[in-house]
$ cat protein.cif   # mmCIF, C-alpha atoms and all ligand atoms
data_protein
#
loop_
_atom_site.label_atom_id
_atom_site.label_comp_id
_atom_site.auth_asym_id
_atom_site.auth_seq_id
_atom_site.Cartn_x
_atom_site.Cartn_y
_atom_site.Cartn_z
CA MET U 1 -6.85 -28.94 -13.15
CA LYS U 2 -4.66 -26.61 -11.08
CA ASN U 3 -1.57 -27.64 -13.00
CA GLU U 4 -3.31 -27.11 -16.30
CA LEU U 5 -4.14 -23.50 -15.33
CA GLU U 6 -0.57 -22.93 -14.17
CA LYS U 7 0.99 -24.43 -17.29
CA HIS U 8 1.92 -21.21 -19.08
CA LEU U 9 2.50 -19.03 -16.04
CA ILE U 10 5.81 -18.65 -14.28
CA HIS U 11 4.91 -20.15 -10.97
CA THR U 12 5.40 -17.30 -8.51
CA TYR U 13 2.00 -17.45 -6.81
CA ASN U 14 -0.02 -20.17 -5.17
CA ARG U 15 -3.31 -19.15 -6.73
CA SER U 16 -6.58 -20.62 -5.54
CA VAL U 17 -9.92 -20.12 -7.32
CA THR U 18 -10.70 -18.45 -10.66
CA LEU U 19 -12.57 -15.20 -10.20
CA VAL U 20 -14.79 -13.86 -12.93
CA LYS U 21 -16.87 -10.99 -11.59
CA GLY U 22 -17.17 -8.46 -8.77
CA GLU U 23 -20.05 -6.45 -7.36
CA GLY U 24 -19.86 -4.19 -4.32
CA VAL U 25 -17.73 -6.03 -1.76
CA SER U 26 -18.38 -9.47 -3.31
CA LEU U 27 -16.39 -11.48 -5.80
CA PHE U 28 -17.72 -14.45 -7.78
CA ASP U 29 -15.80 -17.46 -9.06
CA ASP U 30 -16.30 -19.41 -12.28
CA LYS U 31 -18.73 -21.74 -10.52
CA GLY U 32 -20.89 -18.84 -9.36
CA LYS U 33 -19.76 -19.05 -5.73
CA GLU U 34 -19.83 -15.70 -3.93
CA TYR U 35 -17.01 -14.46 -1.69
CA LEU U 36 -17.07 -11.64 0.80
CA ASP U 37 -13.89 -9.79 -0.08
CA MET U 38 -11.70 -8.69 2.81
CA GLY U 39 -8.63 -8.36 0.58
CA ALA U 40 -9.68 -5.79 -2.04
CA GLY U 41 -7.07 -7.05 -4.51
CA ILE U 42 -4.47 -6.39 -1.77
CA ALA U 43 -5.76 -3.03 -0.57
CA VAL U 44 -6.42 -1.80 -4.10
CA CYS U 45 -10.17 -1.82 -4.71
CA ALA U 46 -11.14 0.80 -2.11
CA LEU U 47 -14.39 1.48 -3.97
CA GLY U 48 -15.23 -2.20 -4.18
CA TYR U 49 -16.19 -3.69 -7.52
CA SER U 50 -18.21 -2.42 -10.43
CA ASN U 51 -18.70 1.15 -9.20
CA GLU U 52 -20.84 2.70 -11.95
CA GLU U 53 -19.36 6.19 -11.82
CA TYR U 54 -15.79 4.87 -11.85
CA LYS U 55 -16.53 2.53 -14.77
CA LYS U 56 -18.16 5.32 -16.75
CA ALA U 57 -15.17 7.63 -16.26
CA LEU U 58 -12.87 4.92 -17.63
CA LYS U 59 -15.15 4.15 -20.57
CA ASP U 60 -15.41 7.85 -21.44
CA GLN U 61 -11.63 8.23 -21.29
CA ILE U 62 -11.17 5.19 -23.52
CA ASP U 63 -13.38 6.87 -26.11
CA GLN U 64 -11.46 10.13 -25.73
CA LEU U 65 -7.78 9.16 -25.53
CA ILE U 66 -6.02 6.15 -24.00
CA HIS U 67 -2.36 6.98 -24.33
CA VAL U 68 0.05 9.62 -25.46
CA SER U 69 3.68 10.03 -24.46
CA ASN U 70 4.92 12.21 -21.64
CA LEU U 71 6.30 14.59 -24.27
CA PHE U 72 2.82 16.13 -24.20
CA TYR U 73 0.40 17.51 -21.64
CA THR U 74 -2.97 15.86 -21.18
CA GLU U 75 -5.84 17.11 -19.10
CA PRO U 76 -6.09 13.98 -16.88
CA VAL U 77 -2.44 14.05 -15.78
CA ILE U 78 -2.57 17.74 -14.83
CA LYS U 79 -5.80 17.25 -12.92
CA ALA U 80 -4.68 14.02 -11.20
CA ALA U 81 -1.42 15.63 -10.05
CA LYS U 82 -3.40 18.54 -8.61
CA TYR U 83 -5.74 16.21 -6.71
CA LEU U 84 -2.87 14.11 -5.36
CA SER U 85 -0.74 17.05 -4.26
CA LYS U 86 -3.69 18.64 -2.54
CA ALA U 87 -4.65 15.41 -0.77
CA SER U 88 -1.10 14.58 0.32
CA GLY U 89 0.24 18.03 1.16
CA MET U 90 3.13 17.34 -1.22
CA ASP U 91 4.02 19.90 -3.90
CA ARG U 92 4.84 17.79 -6.96
CA VAL U 93 3.95 14.37 -8.33
CA PHE U 94 5.47 11.84 -10.74
CA PHE U 95 3.10 9.08 -11.88
CA THR U 96 4.31 5.50 -12.28
CA ASN U 97 2.63 2.21 -13.22
CA SER U 98 3.09 0.47 -9.90
CA GLY U 99 4.21 0.75 -6.32
CA THR U 100 7.66 -0.68 -6.87
CA GLU U 101 8.35 1.92 -9.57
CA ALA U 102 7.22 4.67 -7.21
CA ILE U 103 9.85 3.42 -4.74
CA GLU U 104 12.53 3.39 -7.46
CA GLY U 105 11.69 7.01 -8.26
CA ALA U 106 11.69 8.01 -4.60
CA ILE U 107 15.16 6.51 -4.12
CA LYS U 108 16.47 8.21 -7.25
CA LEU U 109 15.07 11.55 -6.11
CA ALA U 110 16.66 11.27 -2.65
CA ARG U 111 20.00 10.36 -4.23
CA LYS U 112 19.81 13.21 -6.73
CA TYR U 113 19.13 15.67 -3.90
CA ALA U 114 22.20 14.41 -2.03
CA TYR U 115 24.28 14.45 -5.22
CA LEU U 116 23.48 18.10 -5.84
CA LYS U 117 24.81 18.92 -2.37
CA ASN U 118 27.89 16.75 -2.75
CA LYS U 119 28.91 15.02 -5.99
CA ASP U 120 30.79 12.41 -3.99
CA SER U 121 27.82 11.38 -1.86
CA LYS U 122 27.48 7.61 -1.65
CA GLY U 123 23.69 7.97 -1.40
CA GLU U 124 23.30 5.55 1.48
CA ILE U 125 19.84 4.59 2.67
CA ILE U 126 18.44 3.41 5.98
CA ALA U 127 15.51 1.02 5.65
CA MET U 128 13.61 -1.09 8.19
CA ASN U 129 13.62 -4.76 9.07
CA HIS U 130 10.39 -6.54 8.06
CA SER U 131 9.54 -3.78 5.59
CA PHE U 132 8.13 -4.35 2.15
CA HIS U 133 8.65 -1.92 -0.72
CA GLY U 134 8.33 -4.01 -3.88
CA ARG U 135 10.09 -6.49 -6.13
CA SER U 136 12.24 -4.48 -8.52
CA MET U 137 15.95 -4.28 -7.72
CA GLY U 138 15.92 -0.93 -5.91
CA ALA U 139 12.72 -1.58 -3.99
CA LEU U 140 13.94 -5.07 -3.13
CA ALA U 141 17.20 -3.62 -1.84
CA VAL U 142 15.25 -1.65 0.81
CA THR U 143 12.88 -4.52 1.62
CA GLY U 144 13.73 -5.89 5.03
CA THR U 145 13.07 -9.57 4.49
CA LYS U 146 16.25 -11.46 3.69
CA HIS U 147 14.66 -14.37 1.87
CA TYR U 148 13.06 -11.98 -0.63
CA ARG U 149 16.44 -10.36 -1.29
CA ASP U 150 19.09 -13.05 -1.07
CA PRO U 151 18.51 -14.95 -4.33
CA PHE U 152 18.72 -11.72 -6.31
CA GLU U 153 21.91 -10.17 -4.96
CA PRO U 154 23.71 -7.99 -5.82
CA LEU U 155 21.02 -5.35 -5.41
CA ILE U 156 21.68 -1.62 -5.18
CA GLY U 157 24.27 -1.02 -2.48
CA GLY U 158 24.48 1.32 0.46
CA VAL U 159 21.40 0.08 2.29
CA SER U 160 21.39 -0.71 5.99
CA PHE U 161 18.50 -1.92 8.12
CA ALA U 162 17.21 -0.56 11.43
CA ASP U 163 14.44 -1.91 13.65
CA TYR U 164 11.01 -0.39 13.14
CA ASN U 165 9.81 1.56 16.17
CA ASN U 166 13.34 1.62 17.59
CA LEU U 167 14.69 5.14 17.20
CA GLU U 168 18.09 4.32 18.68
CA SER U 169 18.67 1.66 16.03
CA VAL U 170 18.08 4.29 13.33
CA LYS U 171 20.32 6.88 14.99
CA LYS U 172 23.18 4.41 15.12
CA LEU U 173 23.08 3.96 11.34
CA ILE U 174 23.18 7.62 10.32
CA LYS U 175 26.41 8.58 8.57
CA LYS U 176 27.54 11.56 6.58
CA ASP U 177 26.62 9.69 3.37
CA THR U 178 23.06 8.85 4.45
CA CYS U 179 20.65 10.41 1.97
CA ALA U 180 17.33 8.87 3.01
CA ILE U 181 15.38 6.98 5.60
CA ILE U 182 12.64 4.91 4.01
CA MET U 183 9.77 3.18 5.77
CA GLU U 184 6.12 2.32 5.59
CA THR U 185 4.03 4.58 7.82
CA LEU U 186 2.29 1.37 8.84
CA GLN U 187 4.09 -1.87 7.99
CA GLY U 188 1.82 -4.05 5.86
CA GLU U 189 3.30 -7.30 4.53
CA GLY U 190 5.56 -7.46 7.57
CA GLY U 191 2.54 -8.12 9.79
CA ILE U 192 0.51 -4.87 10.23
CA TYR U 193 2.61 -2.80 12.62
CA PRO U 194 1.77 0.91 12.96
CA ALA U 195 4.64 3.30 13.68
CA THR U 196 4.62 4.67 17.20
CA LYS U 197 4.31 8.43 17.50
CA GLU U 198 7.64 8.68 19.29
CA PHE U 199 9.37 6.75 16.49
CA LEU U 200 7.93 8.60 13.52
CA LEU U 201 8.40 12.03 15.11
CA GLY U 202 11.92 11.04 16.11
CA VAL U 203 12.81 9.93 12.58
CA ARG U 204 11.31 13.13 11.19
CA LYS U 205 13.57 15.13 13.49
CA LEU U 206 16.66 13.09 12.55
CA CYS U 207 15.96 13.77 8.87
CA ASP U 208 15.55 17.49 9.50
CA GLU U 209 18.73 17.72 11.55
CA ASN U 210 20.78 15.88 8.93
CA ASP U 211 19.05 17.25 5.81
CA ILE U 212 18.16 13.78 4.56
CA ALA U 213 14.95 12.67 2.90
CA LEU U 214 12.24 11.02 4.91
CA ILE U 215 10.54 8.69 2.42
CA LEU U 216 7.22 7.39 3.66
CA ASP U 217 5.78 4.46 1.74
CA GLU U 218 2.00 4.94 1.75
CA ILE U 219 1.40 2.46 -1.06
CA GLN U 220 -0.72 0.18 1.09
CA CYS U 221 -1.66 2.32 4.09
CA GLY U 222 -2.48 5.48 2.14
CA MET U 223 -5.59 6.58 0.24
CA GLY U 224 -7.96 6.53 3.20
CA ARG U 225 -7.12 3.02 4.32
CA THR U 226 -6.30 3.97 7.92
CA GLY U 227 -9.02 6.57 8.36
CA LYS U 228 -6.97 9.52 7.09
CA MET U 229 -6.18 10.15 3.43
CA PHE U 230 -2.53 9.41 4.25
CA THR U 231 -1.41 7.68 7.42
CA TYR U 232 1.21 10.30 8.35
CA GLU U 233 -1.69 12.73 8.99
CA HIS U 234 -2.35 10.76 12.20
CA TYR U 235 1.07 11.95 13.42
CA GLY U 236 0.92 15.58 12.38
CA ILE U 237 4.06 15.34 10.24
CA LYS U 238 4.84 15.24 6.54
CA PRO U 239 7.47 13.24 4.68
CA ASP U 240 9.83 14.82 2.15
CA ILE U 241 9.00 12.14 -0.37
CA MET U 242 5.91 9.95 -0.35
CA THR U 243 4.96 6.94 -2.45
CA SER U 244 1.43 5.90 -3.36
CA ALA U 245 -0.07 3.15 -5.54
CA LYS U 246 -2.57 0.34 -4.78
CA ALA U 247 -5.84 2.25 -4.08
CA LEU U 248 -4.64 5.35 -5.95
CA GLY U 249 -6.29 3.99 -9.10
CA CYS U 250 -8.70 1.59 -7.38
CA GLY U 251 -7.93 -1.06 -9.99
CA MET U 252 -6.22 0.80 -12.81
CA PRO U 253 -2.47 0.16 -12.48
CA VAL U 254 -1.03 3.45 -11.30
CA GLY U 255 1.39 4.66 -8.64
CA ALA U 256 3.18 7.88 -7.84
CA PHE U 257 6.01 9.41 -5.93
CA CYS U 258 5.42 12.88 -4.60
CA ALA U 259 7.75 15.34 -2.96
CA THR U 260 7.99 18.72 -1.35
CA GLU U 261 9.24 21.53 -3.58
CA LYS U 262 12.68 21.41 -1.95
CA PHE U 263 13.27 17.78 -2.94
CA ALA U 264 11.17 17.67 -6.13
CA THR U 265 13.23 20.37 -7.80
CA ALA U 266 16.37 18.23 -7.49
CA MET U 267 15.19 16.41 -10.61
CA CYS U 268 15.32 18.03 -14.02
CA PRO U 269 14.39 16.90 -17.55
CA GLY U 270 16.29 13.75 -18.45
CA ASP U 271 16.69 12.50 -14.86
CA HIS U 272 13.72 10.16 -14.85
CA GLY U 273 11.01 8.93 -17.16
CA THR U 274 8.40 6.34 -18.03
CA THR U 275 6.46 5.48 -21.14
CA TYR U 276 3.13 4.55 -19.59
CA GLY U 277 3.32 6.36 -16.26
CA GLY U 278 0.65 9.03 -15.93
CA ASN U 279 -1.10 8.16 -19.14
CA PRO U 280 -4.59 9.62 -19.66
CA LEU U 281 -6.48 6.40 -18.90
CA ALA U 282 -4.65 5.78 -15.61
CA CYS U 283 -4.98 9.43 -14.60
CA ALA U 284 -8.70 9.53 -15.46
CA ALA U 285 -9.05 6.73 -12.91
CA VAL U 286 -7.05 8.69 -10.31
CA CYS U 287 -9.19 11.80 -10.84
CA LYS U 288 -12.42 9.87 -10.50
CA VAL U 289 -11.17 8.10 -7.38
CA PHE U 290 -10.47 11.45 -5.67
CA GLU U 291 -13.85 12.81 -6.80
CA ILE U 292 -15.76 9.81 -5.45
CA PHE U 293 -13.72 9.83 -2.23
CA GLU U 294 -14.68 13.42 -1.61
CA LYS U 295 -18.31 13.17 -2.64
CA GLU U 296 -19.00 9.99 -0.69
CA HIS U 297 -16.81 10.82 2.35
CA ILE U 298 -14.94 7.54 1.90
CA VAL U 299 -12.12 8.38 4.31
CA GLU U 300 -14.46 9.29 7.17
CA HIS U 301 -16.45 6.15 6.47
CA ALA U 302 -13.28 4.03 6.59
CA ALA U 303 -12.40 5.51 9.99
CA LYS U 304 -15.84 4.68 11.34
CA MET U 305 -15.92 1.16 9.91
CA GLY U 306 -12.39 0.58 11.17
CA ASN U 307 -13.42 1.36 14.73
CA TYR U 308 -16.43 -0.92 14.50
CA PHE U 309 -14.37 -3.73 12.93
CA THR U 310 -11.67 -3.53 15.60
CA GLU U 311 -14.26 -3.62 18.40
CA GLN U 312 -15.90 -6.71 16.92
CA LEU U 313 -12.52 -8.40 16.45
CA GLN U 314 -11.56 -7.69 20.04
CA ARG U 315 -14.77 -9.40 21.14
CA LEU U 316 -13.93 -12.33 18.91
CA GLN U 317 -10.50 -12.45 20.52
CA GLU U 318 -12.15 -12.78 23.96
CA LYS U 319 -14.02 -15.76 22.57
CA HIS U 320 -10.93 -17.44 21.03
CA PRO U 321 -8.03 -16.18 23.15
CA ALA U 322 -5.79 -19.18 22.46
CA LEU U 323 -6.03 -18.88 18.66
CA LEU U 324 -6.48 -15.16 18.19
CA THR U 325 -3.58 -13.59 20.02
CA ASP U 326 -3.65 -9.95 18.89
CA VAL U 327 -5.73 -7.44 16.94
CA ARG U 328 -3.84 -4.40 15.65
CA GLY U 329 -3.70 -1.82 12.90
CA LYS U 330 -5.48 1.41 12.07
CA GLY U 331 -8.76 2.08 10.31
CA LEU U 332 -9.44 -0.63 7.74
CA MET U 333 -5.88 -1.95 7.75
CA ILE U 334 -6.17 -4.61 10.40
CA GLY U 335 -4.01 -7.57 11.30
CA ILE U 336 -5.11 -10.42 13.49
CA GLU U 337 -2.30 -12.46 14.93
CA VAL U 338 -3.02 -16.16 15.16
CA SER U 339 -1.28 -18.98 17.01
CA CYS U 340 -2.12 -21.49 14.23
CA ALA U 341 -0.78 -21.36 10.65
CA ASN U 342 -2.20 -18.20 9.08
CA GLY U 343 -2.50 -20.09 5.79
CA ASP U 344 -5.04 -22.42 7.42
CA VAL U 345 -7.25 -19.47 8.33
CA VAL U 346 -6.98 -18.10 4.78
CA LYS U 347 -7.89 -21.50 3.31
CA LYS U 348 -10.80 -22.23 5.62
CA ALA U 349 -12.22 -18.73 5.17
CA LEU U 350 -12.11 -19.22 1.40
CA GLU U 351 -14.05 -22.48 1.72
CA LYS U 352 -16.63 -20.56 3.73
CA GLY U 353 -16.92 -17.84 1.12
CA MET U 354 -14.57 -15.15 2.38
CA ILE U 355 -11.28 -13.79 1.05
CA VAL U 356 -8.63 -12.77 3.59
CA ILE U 357 -4.88 -12.52 3.05
CA ALA U 358 -1.87 -13.56 5.04
CA ALA U 359 0.81 -11.13 6.22
CA GLY U 360 4.10 -11.97 7.89
CA SER U 361 4.29 -15.47 9.28
CA ASN U 362 1.38 -15.45 11.75
CA VAL U 363 -0.95 -12.63 10.77
CA VAL U 364 -4.21 -12.62 8.84
CA ARG U 365 -4.69 -9.29 7.11
CA LEU U 366 -8.05 -7.61 6.71
CA VAL U 367 -7.92 -4.83 4.11
CA PRO U 368 -11.49 -4.72 2.73
CA PRO U 369 -12.91 -2.24 0.26
CA LEU U 370 -13.37 1.03 2.14
CA VAL U 371 -17.05 1.06 1.14
CA ILE U 372 -17.69 -1.91 3.42
CA GLU U 373 -20.69 -1.64 5.78
CA THR U 374 -21.36 -2.97 9.28
CA LYS U 375 -23.39 -5.89 7.89
CA HIS U 376 -20.34 -7.09 5.94
CA ILE U 377 -18.19 -6.74 9.04
CA ASP U 378 -20.71 -8.79 11.03
CA GLN U 379 -20.66 -11.42 8.30
CA CYS U 380 -16.85 -11.50 8.37
CA ILE U 381 -16.82 -11.90 12.15
CA SER U 382 -19.27 -14.77 11.96
CA ILE U 383 -17.19 -16.56 9.31
CA LEU U 384 -14.00 -16.03 11.34
CA ASP U 385 -15.83 -17.31 14.41
CA SER U 386 -16.65 -20.56 12.66
CA VAL U 387 -13.14 -20.85 11.22
CA PHE U 388 -11.60 -20.48 14.69
CA ALA U 389 -14.17 -22.89 16.16
CA GLU U 390 -13.03 -25.51 13.64
CA LEU U 391 -9.35 -24.84 14.20
CA SER U 392 -9.52 -25.03 17.99
C1 LIG Z 401 2.34 -3.49 -2.49
C2 LIG Z 401 3.37 -2.64 -1.91
C3 LIG Z 401 4.46 -2.19 -2.68
C4 LIG Z 401 4.71 -2.62 -4.10
O1 LIG Z 401 3.68 -2.22 -4.96
P1 LIG Z 401 3.52 -2.95 -6.38
O2 LIG Z 401 2.44 -2.16 -7.06
O3 LIG Z 401 3.15 -4.36 -6.09
O4 LIG Z 401 4.82 -2.85 -7.08
C5 LIG Z 401 5.36 -1.33 -2.08
N1 LIG Z 401 5.21 -0.93 -0.81
C6 LIG Z 401 4.18 -1.35 -0.04
C7 LIG Z 401 4.04 -0.86 1.36
C8 LIG Z 401 3.24 -2.23 -0.56
O5 LIG Z 401 2.24 -2.67 0.22
#

$ encode --input "protein.cif" --output "structure tokens" --more "lines below"
Ligand SMILES: *Cc1c(COP(=O)(O)O)cnc(C)c1O
Amino acid sequence: MKNELEKHLIHTYNRSVTLVKGEGVSLFDDKGKEYLDMGAGIAVCALGYSNEEYKKALKDQIDQLIHVSNLFYTEPVIKAAKYLSKASGMDRVFFTNSGTEAIEGAIKLARKYAYLKNKDSKGEIIAMNHSFHGRSMGALAVTGTKHYRDPFEPLIGGVSFADYNNLESVKKLIKKDTCAIIMETLQGEGGIYPATKEFLLGVRKLCDENDIALILDEIQCGMGRTGKMFTYEHYGIKPDIMTSAKALGCGMPVGAFCATEKFATAMCPGDHGTTYGGNPLACAAVCKVFEIFEKEHIVEHAAKMGNYFTEQLQRLQEKHPALLTDVRGKGLMIGIEVSCANGDVVKKALEKGMIVIAAGSNVVRLVPPLVIETKHIDQCISILDSVFAELS
């Protein structure tokens, strides 16, 4: 059965069940089994599933206009860029189709800025160990997990890796040809590690002193996930270049890189482009997402639910201290570190009707829809409780 489903797919994922429908924070498989969803399509579906207002906005846009090229203005792209710049504190936006493409654009922009200062700049980049920025060649080059990179070498050159939350390790790598420091504001795939205040502020200062771009990847941790619209708001700083995707479209494939005026204006017509990026359908989704976020106070709700969730998980940790060794994260981006195989927790939770995802080698990631309520959190805790009881 499994093999039959996999027959015409390049086997890059170990998929489990076949999902057919979503409603609120529940997903349903082809046998009608319901799952409490703590994964949100990997931190994408912030509004949960089947939000009526969101669906209507997409249907209306389909009737109006699905696609035109970027040689023309459309109302959705203008409006979406305005919403995103306002929410992020960045001045200008370039829409992409995915997170990895947003990273590619961010790297290109940082290199172009350095090139305009010095045509001989080697455009070197400092990235972090255990980071994740995507699967295309540029994004992979700054992804700090060797086994993701090695089979695909040579990638783009000039990248060196520092240790996250270790300012000295970053300082040591700065050279006259460094054009950017790139990192997630809160490391996701690497195992849910928030940046310390000292580290992020220190890196910000290094970038200012050396006139290099601080690129913050907010693809997973942005869009309200950590209880602020963007995670850097917790630190009172701004990046020079910021990438977004995942929950930006809440299900429509869309990403963006954004920049301050100073960096954004390094690019001019001909420097970068995309056929689909920022098309009216994707941007109608972005606009509606920002409208619903504002109207329904989604970010504030995420902060509140995040606090409640963390408290409940800490209690669960007291109950299963040998198996559940750490609870960390921010808002509704939570990692629980386990002493057993994290894949076993994922599998057992699925059997019990709950979707959770693995991160790193020993972390179970909880990134539910931001519209989750305390009753869903209670249900999640009770399922985890029984999973840990069975595994102990
Ligand atoms: C998911 C993710 C990406 C890549 O986004 P895609 O849309 O899968 O290309 C990049 N950076 C971070 C932090 C992510 O979580």

$ atom_distance --input "protein.cif" --atom1 "CA of Gly138 (chain U)" --atom2 "CA of Cys258 (chain U)"
17.4 Å

$ residues_near_ligand --input "protein.cif" --ligand "ligand LIG 401 (chain Z)" --cutoff "9 Å" --atoms "all atoms listed in the file" --output "PDB file with C-alpha atoms, in the coordinates of the input"
ATOM      1  CA  ILE U  42      -4.470  -6.390  -1.770  1.00  0.00           C
ATOM      2  CA  ALA U  43      -5.760  -3.030  -0.570  1.00  0.00           C
ATOM      3  CA  ASN U  97       2.630   2.210 -13.220  1.00  0.00           C
ATOM      4  CA  SER U  98       3.090   0.470  -9.900  1.00  0.00           C
ATOM      5  CA  GLY U  99       4.210   0.750  -6.320  1.00  0.00           C
ATOM      6  CA  THR U 100       7.660  -0.680  -6.870  1.00  0.00           C
ATOM      7  CA  GLU U 101       8.350   1.920  -9.570  1.00  0.00           C
ATOM      8  CA  ALA U 102       7.220   4.670  -7.210  1.00  0.00           C
ATOM      9  CA  ILE U 103       9.850   3.420  -4.740  1.00  0.00           C
ATOM     10  CA  SER U 131       9.540  -3.780   5.590  1.00  0.00           C
ATOM     11  CA  PHE U 132       8.130  -4.350   2.150  1.00  0.00           C
ATOM     12  CA  HIS U 133       8.650  -1.920  -0.720  1.00  0.00           C
ATOM     13  CA  GLY U 134       8.330  -4.010  -3.880  1.00  0.00           C
ATOM     14  CA  ARG U 135      10.090  -6.490  -6.130  1.00  0.00           C
ATOM     15  CA  SER U 136      12.240  -4.480  -8.520  1.00  0.00           C
ATOM     16  CA  ALA U 139      12.720  -1.580  -3.990  1.00  0.00           C
ATOM     17  CA  THR U 143      12.880  -4.520   1.620  1.00  0.00           C
ATOM     18  CA  MET U 183       9.770   3.180   5.770  1.00  0.00           C
ATOM     19  CA  GLU U 184       6.120   2.320   5.590  1.00  0.00           C
ATOM     20  CA  THR U 185       4.030   4.580   7.820  1.00  0.00           C
ATOM     21  CA  LEU U 186       2.290   1.370   8.840  1.00  0.00           C
ATOM     22  CA  GLN U 187       4.090  -1.870   7.990  1.00  0.00           C
ATOM     23  CA  GLY U 188       1.820  -4.050   5.860  1.00  0.00           C
ATOM     24  CA  GLU U 189       3.300  -7.300   4.530  1.00  0.00           C
ATOM     25  CA  ASP U 217       5.780   4.460   1.740  1.00  0.00           C
ATOM     26  CA  GLU U 218       2.000   4.940   1.750  1.00  0.00           C
ATOM     27  CA  ILE U 219       1.400   2.460  -1.060  1.00  0.00           C
ATOM     28  CA  GLN U 220      -0.720   0.180   1.090  1.00  0.00           C
ATOM     29  CA  CYS U 221      -1.660   2.320   4.090  1.00  0.00           C
ATOM     30  CA  THR U 243       4.960   6.940  -2.450  1.00  0.00           C
ATOM     31  CA  SER U 244       1.430   5.900  -3.360  1.00  0.00           C
ATOM     32  CA  ALA U 245      -0.070   3.150  -5.540  1.00  0.00           C
ATOM     33  CA  LYS U 246      -2.570   0.340  -4.780  1.00  0.00           C
ATOM     34  CA  PRO U 253      -2.470   0.160 -12.480  1.00  0.00           C
ATOM     35  CA  VAL U 254      -1.030   3.450 -11.300  1.00  0.00           C
ATOM     36  CA  GLY U 255       1.390   4.660  -8.640  1.00  0.00           C
TER      37      GLY U 255
END

$ atom_distance --input "protein.cif" --atom1 "CA of Asp211 (chain U)" --atom2 "CA of Lys86 (chain U)"
24.3 Å

$ residues_around --input "protein.cif" --residues "Lys228 (chain U)" --least-positions-apart "3" --cutoff "6 Å" --atoms "all atoms listed in the file" --output "PyMOL selection string"
chain U and resi 224+231+299

$ closest_residue --input "protein.cif" --among "U:Val387, U:Val77, U:Ala162, U:Leu332" --to "Asp344 (chain U)" --atoms "all atoms listed in the file"
U:Val387

$ closest_residue --input "protein.cif" --among "U:Leu9, U:Asp385, U:Cys380, U:Ala285" --to "Cys250 (chain U)" --atoms "all atoms listed in the file"
U:Ala285

$ closest_residue --input "protein.cif" --among "U:Asp91, U:Glu6, U:Asp30, U:Asp120" --to "Asp240 (chain U)" --atoms "all atoms listed in the file"
U:Asp91

$ residues_around --input "protein.cif" --residues "region 277-284 of chain U" --least-positions-apart "3" --cutoff "6 Å" --atoms "all atoms listed in the file" --output "list in words"
Gln61, Ile66, His67, Pro76, Val77, Ala80, Phe95, Thr96, Asn97, Met252, Thr274 and Cys287 of chain U

$ closest_residue --input "protein.cif" --among "U:Ser160, U:Ser85, U:Asn307, U:Asn3" --to "Ala141 (chain U)" --atoms "all atoms listed in the file"
U:Ser160

$ closest_residue --input "protein.cif" --among "U:Gly249, U:Gly32, U:Pro194, U:Gly353" --to "Lys55 (chain U)" --atoms "all atoms listed in the file"
U:Gly249

$ residues_around --input "protein.cif" --residues "region 354-367 of chain U" --least-positions-apart "6" --cutoff "6 Å" --atoms "all atoms listed in the file" --output "PyMOL selection string"
chain U and resi 35-39+43+189-191+332-338+342+346

$ write_last_selection --input "protein.cif" --atoms "C-alpha atoms" --output "PDB file, in the frame of the given file"
ATOM      1  CA  TYR U  35     -17.010 -14.460  -1.690  1.00  0.00           C
ATOM      2  CA  LEU U  36     -17.070 -11.640   0.800  1.00  0.00           C
ATOM      3  CA  ASP U  37     -13.890  -9.790  -0.080  1.00  0.00           C
ATOM      4  CA  MET U  38     -11.700  -8.690   2.810  1.00  0.00           C
ATOM      5  CA  GLY U  39      -8.630  -8.360   0.580  1.00  0.00           C
ATOM      6  CA  ALA U  43      -5.760  -3.030  -0.570  1.00  0.00           C
ATOM      7  CA  GLU U 189       3.300  -7.300   4.530  1.00  0.00           C
ATOM      8  CA  GLY U 190       5.560  -7.460   7.570  1.00  0.00           C
ATOM      9  CA  GLY U 191       2.540  -8.120   9.790  1.00  0.00           C
ATOM     10  CA  LEU U 332      -9.440  -0.630   7.740  1.00  0.00           C
ATOM     11  CA  MET U 333      -5.880  -1.950   7.750  1.00  0.00           C
ATOM     12  CA  ILE U 334      -6.170  -4.610  10.400  1.00  0.00           C
ATOM     13  CA  GLY U 335      -4.010  -7.570  11.300  1.00  0.00           C
ATOM     14  CA  ILE U 336      -5.110 -10.420  13.490  1.00  0.00           C
ATOM     15  CA  GLU U 337      -2.300 -12.460  14.930  1.00  0.00           C
ATOM     16  CA  VAL U 338      -3.020 -16.160  15.160  1.00  0.00           C
ATOM     17  CA  ASN U 342      -2.200 -18.200   9.080  1.00  0.00           C
ATOM     18  CA  VAL U 346      -6.980 -18.100   4.780  1.00  0.00           C
TER      19      VAL U 346
END

$ closest_residue --input "protein.cif" --among "U:Arg225, U:Lys330, U:His272, U:Lys262" --to "Phe293 (chain U)" --atoms "all atoms listed in the file"
U:Arg225
